[in-house]
Amino acid sequence: MKSFKFRYSNTVWILLALVLVLSLAGLIWNIFNLIEFLPTGSYKVGTYSLIVALTAILTLLVISVMVYGRYIIKDGKLYSYFGFIRSKMEINDIICLTHFKKSDKLVAYFKDETYTVIVIFPEFYEEFISTVRKVNPSILYDAKIDGEDTPE
């Protein structure tokens, strides 16, 4: 099993932090309101309880995305963890890995003519490629500049 941490851009980090702050504020505010209306037993108790549960779930989701965003290569599969959300891809379905030099992006192309951008730190591209190619040696590797082949 090999793990590669996601490389979030600064914009994504700022948005995740903003969502975390807002969800925590909403959680605290609605817990306060729930405590205030608890003795009355009114309709608002149910509403605030639901909102507390939803903001707690959102807070946990954002924290999990911040802490546990990664790719894991295990048992011939490439797992993508975006917090609690997991997707699975067969490494044998990958036909080509292309490193676009100008944008510094690594892209995996699949048999079904789909693709995905591998969002890891560029210093781990070689290790990622070699790990994936150990599972499926027939994967082609290509490096391009602006869609043209890289000069040798």
# chains A, B, ... in the order shown; residues from 1 in each chain; ligands from 1
>>> residues_around(residues="Val45 in chain A", least_positions_apart="2", cutoff="12 Å", atoms="only C-alpha atoms", output="list in words")
Asn30, Ile31, Phe32, Asn33, Leu34, Ile35, Glu36, Phe37, Leu38, Pro39, Thr40, Gly41, Ser42, Tyr43, Thr47, Tyr48, Ser49, Leu50, Ile51 and Val52 of chain A
>>> residues_around(residues="range 18-22 of chain A", least_positions_apart="2", cutoff="8 Å", atoms="only C-alpha atoms", output="NGL selection string")
:A and (14-16 or 24-26 or 59 or 62-63)
>>> select_by_dssp(residues="range 62-132 of chain A", states="strand (DSSP E)", output="number ranges by chain")
A: 69-74, 77-82, 85-90, 94-100, 105-110, 115-118
>>> closest_residue(among="A:Ile118, A:Ala17, A:Ala143, A:Met1", to="Met66 in chain A", atoms="only C-alpha atoms")
A:Ala17
>>> atom_distance(atom1="CA of Lys111 in chain A", atom2="CA of Phe6 in chain A")
24.0 Å
>>> closest_residue(among="A:Val119, A:Ile73, A:Leu97, A:Met89", to="Thr131 in chain A", atoms="only C-alpha atoms")
A:Ile73
>>> select_by_dssp(residues="chain A", states="alpha helix (DSSP H)", output="ChimeraX atom specification")
/A:10-37,43-67,125-135
>>> closest_residue(among="A:Lys74, A:Lys102, A:Lys88, A:Arg7", to="Phe121 in chain A", atoms="only C-alpha atoms")
A:Arg7
>>> closest_residue(among="A:Val135, A:Val12, A:Ile145, A:Cys96", to="Gly76 in chain A", atoms="only C-alpha atoms")
A:Val135
>>> residues_around(residues="Gly83 in chain A", least_positions_apart="3", cutoff="6 Å", atoms="only C-alpha atoms", output="list in words")
Ser64, Val65, Tyr68 and Gly69 of chain A
>>> write_last_selection(atoms="C-alpha atoms", output="PDB file, in the first residue's frame")
ATOM      1  CA  SER A  64     -11.887  15.013   7.089  1.00  0.00           C
ATOM      2  CA  VAL A  65     -11.263  16.607   3.684  1.00  0.00           C
ATOM      3  CA  TYR A  68      -7.391  12.940   4.862  1.00  0.00           C
ATOM      4  CA  GLY A  69      -7.366  13.876   1.188  1.00  0.00           C
TER       5      GLY A  69
END
>>> closest_residue(among="A:Ser130, A:Thr55, A:Ser138, A:Ser80", to="Asp93 in chain A", atoms="only C-alpha atoms")
A:Ser138
>>> atom_distance(atom1="CA of Thr98 in chain A", atom2="CA of Tyr141 in chain A")
5.8 Å
>>> closest_residue(among="A:Ala53, A:Val117, A:Ile129, A:Leu58", to="Ser23 in chain A", atoms="only C-alpha atoms")
A:Leu58
